[in-house]
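Structure first, then comments.
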Amino acid sequence: MSTSKPIPNGTASGPPQPPPRIPESFIEVPDQRRYVLGLGVACQAVKLFDLSQYWFNYTEASPRFARKWMFADFLLCAVLSWLRIPRLRYSKAVVALQILSLWLFDGLLFGGISVNVGAGGSVSQSGRSPGSYLSSRTSVIWDYLPDIGLPVLYGAKDSHLLGQHTVRMSPISTAQLNPYGETFCLPTPNSHVLIPVLLNNTTPNSVKYTLTPLAYSESSRSAGKIEHLELSTKDLRAIEQSRVEYLQLVRAAAAKKDHDEYDEYDDDEEEDQTLSNGHGLQKTQDLTYIRLNKPGTLRLERVIDHSNVDARLVFPNDITVVPCPRAEFTPESMTQVEDIRCATPRLVSGAGEELQLEIEIFGVPPLSLRWTREVGSRRESFMVEGIEGPEHEHPMHPSDDRRVSSGQRVPTQVKVPLTVLLDALGTHTYVLESVTDALGNVAYAGQHSDSTANPTGKGVTAQDLARATTRSVSVLRRPGVSFKHCGPGHPDSLLIGSEAPLTISTQDADTQDAPWDVTVRYDPPTEEGGKPSKRYKTWTRTLKTQAERKELTLRANAPGEYTITGVRGQHCEGDVLSPETCRVIERPHPTAEIEWKKIHECSGDTGVSASLVLHGTPPFQVYYRSQRDNEPPREVAKTFTSSRGELTVQPERSGHYTFKFIQLSDANYKKVELKGPAIELDVHPPPAADFVSNAHGGRGKKSISSCSGNLVDVDVELRGTAPWNIEVQIVGPKGSEVVPFSGIQTAKKTLSLPIPKTIDREGGTFEIDLVSVEDAYGCKRSVSVPGIAVNVRRILPTVKFYGKADQRHVTVLDHEQAVLPLRLTGEGPWRVKYRRQDVPERTLSATLRTPNDELRVSGKGTYELLEVSDSQCPGSVVEGENTYRVDHVPRPSAKLSTDVQATYEQFNGSHILPPICESLSDHVDLDLTGRPPFQIMYNIAKDDGLGATKLLDQPTFSSIQPRTRFQLRTSEPGRVYYEVKQIGDAAYPLAKNKDAIIPRSERLLFEQQVLMRPSAKFKNHNRLSYCLNDALSAHDQPSGDGLVVLEGTPPFELQLSVRNLAASEVYTETVVVPDAAWRVHLPNYAFRSIGPHQLTIDAVRDASHCEQVAPDPLYRTIWVDVAETAAIIPFSRREDYCVGDVIPFQLEGTPPWTIGYRVNGKAHTQEAKISPWSVAAAQAGELAITSVAHQQKMCKTAVPDLRYTVHALPSAQVGHGRRIVQDIHEGDQAEIVFTLLGEPPFTFTYQRAELSPRKGVPGKVLETHTVSGVTAREYSIFSALEGTWTITSISDRYCRYPPAQQDAADKSR
């Protein structure tokens, strides 16, 4: 472990360590260390507990302990490294070493790794059945690691020493029939059951049993005879296979079954089978089954294993199988019982009657029956025991008693009566739950019903089973009916010619009893004197409700009394509830008593009035018709809330009028024809007059203005009979005057009235009032209507621009509004019309509020005033002061100076500047117009090489002079474009005019080609390798070694020099390169001496004649290594080797070396960076060294005389490479066969070890033997001892396995 220590003073500190994952503000570092160490200690404590479980209580799940703790330790180390806790922080290598150490420790503790010191075999384990088979337990870790040839690691993966032979003394074998004490029965005559047999330490070869019929008696032959049966190994396998297939079908059907079709009985049966097969078996135990398809007593007689040895039978060895019991209601019971019963009158709790049911039960007596009763939400369970048939009550023979005591009674069929009491309303459901026979077989009722009960012969369906095991009786309450919203004190109304809907409601009725039949009787009303009605007749009808609706409607079309006499549902009689009687009264039509009166005034009849007495149900609505002369009649309606009312009609126009009442409505009837009196009269309305004007003054007075003339026009409206005479009063400030007008023929008349002279001369206000009006009949009436106030103006409004003629102009910015001052006279507000003289057809208007208001305009030009009007009168424009000029400050602009040499391109409007070399300074001069200082914003763009341009920058520079110098960008080669986007000056600064961008068609554009300066460099500075006397030519290799990269305008002229450091010689050559890349190729120069050479780029020129870029000294020069030929020399003169041996060689030359060799004719190459070098003999055959090269596979030399013979390692097998476990009995011998592979003669060592006390732990070695000089391929020994035989080593003529220690030492040397 490494711990962090403080850094001494004066030394440089390392890089800062990252902080812990958990911040110290949350958990301090010492606490973090304490928690992590506590977690580690807790894990080790749990590991010790699992270790005790593994060593002292081994189970099938024990091999998982090794994998579990390998994962836990890996997770602990990984999380500890991830947390980065100080003083517990390790490098990745240390963490990996910790994980590997913990894994090795876990493998040794939990059997993942077994150490075999001197023993090469492994210990087998027992399975469920004895015999010879392969062990399934192998290593956990070393199965996934390559074989590294260590003999001490036991993993059962050594291909040279395979197999083991274990001899065991067979224990006592037992067989037990029905080990779990289950009961079995046959559901149907065609079904079968599987009786389990528990086997211990045996694999049966034959099972013999007998089957005795149920009613078997030695004295009687009619009951059948005892059958002797035998099952072979093939029969047992077939039974097991059919059992597995059946279970798979049952599980698949259960998975597909819908929830609504789920049968709990099937589930219980499958659950029973699962439980019977799910008992935990020990390692030496196994289950087999006997198939039985007929009832009787099965007795297990004999079980013989493969060694023809009888297994010991465990008592009891017999079991009785009978037909399964069943219970169901008899068909007679189903037909006799009605599904629905009715409650008796005045009994709410239920019917109180008994119900007789009959149950048919089949099985071996005595039988037990469990059944339930459910009424509403209440559920009760009952059980009846000791059910027997009459033949079993008094046995006639003593043999019958013996059969009863031995449980071999014959199944019988019994009919049992069941009496139940219907003591509550609702549905009574009786369900047969289960039946149990004398042997304890439990069957749910209906589960094993006889298929003959179905008359179709197609088997019993689920509906048939439910009908056979369930009886339901519904007890319905008696329905009660009555009228709704109608009774003795609340009669219903009937309108003449219509029907009255009477609602009959059903109460306390069950929907199951619907629909209901209701009987209704009708009694007509009696006439005066108590005589029966001749118009209506008495009747009785039966009405039926719709489906489950509890209300029905009786439409009564005659007055009288309707009585409910009875009710009956689909099943039950009902009761008539109160109110059972509904009286219907016929309502008469409404009528009216009408009296007309004329209204008379001075001019004659002016209207009519009517007095009305109304009969009916208020509110009333009276409809009358009025017609004037030959005009179309007009209908009018009026509403009265009481039985008396007054109606007054006074038309505004004269003429001959006719008034008549036509219809009457009340609360019951609408628009009943009314034959009321009519009245005709000539109406002369009284005269009336009023002013007509849209202008209003204060307090309801009307107001007009007069701007010129001595008369004022006033409009009046007259009503009555023409012609009219009116009187108008003019009220001035000092007096009044009445002006008459006579003979007016039209209803609307314009009167011209004189203005009082004082007001006409000076202006002011006077009032005009109507005094009286007289019509054609001489009826004169005074008029009281609001008068008209007349405002007389003698001074007209005017408008003009303020300022002298040379001052009426203003200059503003083009985006600002100009303010033009005005002077106005008159009464505001004013409306002024004006225009701009350069656009005379467009007239503008503005509303002004004050005499010194202003016009706000935005365009430049000369503005002219046209008209003016104030709130009362139109006015005039003052001549000579009606114009105002507005000018704009011009925006700044820029253009190229005439001294700049540029070519103008008409197509795109660009100025093309002469090209220039990269990094040379260049500029252009710009002429600016505007108000300095100037700001110029421009775009700089460049070709991106794909046919488009890329914006490089958008700078802004300032200038205080009209001519400024514009610096050009030449730092990068390519086509550079310049575009002046915005220009600002003192009037239009850029900060305030960001959106004022010069239109693209008006921008100044110029461009320039910047030529690239040539450059040349090596792509990398890897060293080149050549052999002595080679020419300096290009190597055919895809890498960039020796590649010169050039930039500029091709073709290039490249000058290079080669310097030989050993001879102090310099060779110079100039080559012409047409492309941008060139691999070094100087065929005129050859290397005449070994050692390093220096290749340098001296100069480069391109077609642009620009000066070259300063060369990079790192990429200007590369080195060339010139070497002599390589050689390889072996260390030993041996010619025979074994597979796995290492053959060493000495290499001469310059690393790295490339060695070529051939194994059994297949060529291989290997690279070596150091000498000596060795090659491993991986497979048997011939190994030959063919070539050696150095300097990156150059200077290759052929090797003709290095050839070796590689022999395969010998192998040995016990039991032909398998793990054999053989059980023998006392006195027998087992043959152990050793198979030897290799070149004879052979020498091998084998050993016998005791049987393993625990899995994964090898047994103690009891004896070891070595056999020499064996020339045969197979060798056998016989033994009667118990133990495990394995081979630990083998040698043939050339090789030994595992290799001896001295051989390994020789190889290391």
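So you can find residues: chains in the structure tokens are A, B, ... in the order shown, residues in each start at 1, and ligands are numbered from 1 in order.
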Residue set, range 400-631 of chain A restricted to helix (DSSP H, G or I), as a PyMOL selection string: chain A and resi 400-405+451-453+462-469+511-513
Residues within 8 Å of Arg168 in chain A, only C-alpha atoms, excluding chain neighbours under 2 positions, as number ranges by chain: A: 166, 170, 1221-1224, 1282-1283
Test item: residues at most 7 Å from range 894-910 of chain A, only C-alpha atoms, excluding those fewer than 5 positions along its chain, as a PyMOL selection string: chain A and resi 924-929+1004-1006
Secondary structure check, strand (DSSP E) residues of range 657-792 of chain A, as an MDAnalysis selection string: chainID A and resid 657:665 672:673 678:683 688:692 702:706 711:719 724:731 736:744 748:754 764:774 780:782 788:792
Residues near range 511-527 of chain A, cut-off 6 Å, only C-alpha atoms, skip fewer than 3 positions along chain, as a ChimeraX atom specification: /A:530-533,536,538-545,547-548,560-571
Separation of CA of Ala556 in chain A from CA of Ala592 in chain A, in Å and rounded to one decimal: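 Answer for the CA of Ala556 in chain A to CA of Ala592 in chain A separation: 28.5 Å.
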Distance query range 45-53 of chain A at most 8 Å, only C-alpha atoms, self and fewer than 6 positions along chain excluded, as a PyMOL selection string: chain A and resi 62+65+69+109-110
12 Å contact set for range 1157-1167 of chain A, only C-alpha atoms, chain neighbours under 5 positions out, as a VMD selection string: chain A and resid 1128 1147 1151 to 1152 1173 to 1193 1198 to 1206
Please, could you write that set of residues out with C-alpha atoms as a short mmCIF file (atom, residue, chain, number, x, y, z; two decimals), in the first residue's frame?
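Wrote it out as again-v3.cif, contents follow:
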```cif
data_model
loop_
_atom_site.label_atom_id
_atom_site.label_comp_id
_atom_site.auth_asym_id
_atom_site.auth_seq_id
_atom_site.Cartn_x
_atom_site.Cartn_y
_atom_site.Cartn_z
CA ILE A 1128 21.14 -15.08 -36.82
CA LEU A 1147 20.82 -11.69 -33.58
CA PRO A 1151 17.27 -3.49 -34.23
CA PRO A 1152 14.52 -4.04 -34.91
CA TRP A 1173 15.63 -13.87 -29.43
CA SER A 1174 13.78 -17.15 -28.94
CA VAL A 1175 10.93 -18.94 -30.67
CA ALA A 1176 8.52 -21.36 -28.97
CA ALA A 1177 7.80 -24.77 -30.49
CA ALA A 1178 4.02 -24.51 -30.49
CA GLN A 1179 3.16 -27.60 -32.58
CA ALA A 1180 4.73 -30.82 -33.63
CA GLY A 1181 6.52 -31.09 -36.96
CA GLU A 1182 9.39 -29.27 -38.69
CA LEU A 1183 10.53 -25.74 -37.71
CA ALA A 1184 13.01 -23.95 -40.03
CA ILE A 1185 14.52 -20.43 -39.85
CA THR A 1186 14.39 -19.00 -43.40
CA SER A 1187 15.51 -15.34 -43.24
CA VAL A 1188 16.50 -12.41 -41.07
CA ALA A 1189 16.29 -8.70 -41.80
CA HIS A 1190 16.82 -5.52 -39.86
CA GLN A 1191 16.35 -1.77 -40.38
CA GLN A 1192 12.54 -2.09 -40.71
CA LYS A 1193 12.60 -5.30 -42.78
CA ALA A 1198 18.44 -15.86 -46.36
CA VAL A 1199 19.21 -18.61 -43.77
CA PRO A 1200 19.45 -22.09 -45.37
CA ASP A 1201 20.69 -24.51 -42.62
CA LEU A 1202 18.62 -23.95 -39.41
CA ARG A 1203 16.05 -26.84 -39.26
CA TYR A 1204 14.60 -28.56 -36.15
CA THR A 1205 12.23 -31.46 -35.45
CA VAL A 1206 9.44 -30.76 -32.85
#
```
Residues near His1265 in chain A, cut-off 12 Å, only C-alpha atoms, skip fewer than 4 positions along chain, as an NGL selection string: :A and (118-119 or 1243-1248 or 1261 or 1277 or 1285-1289)
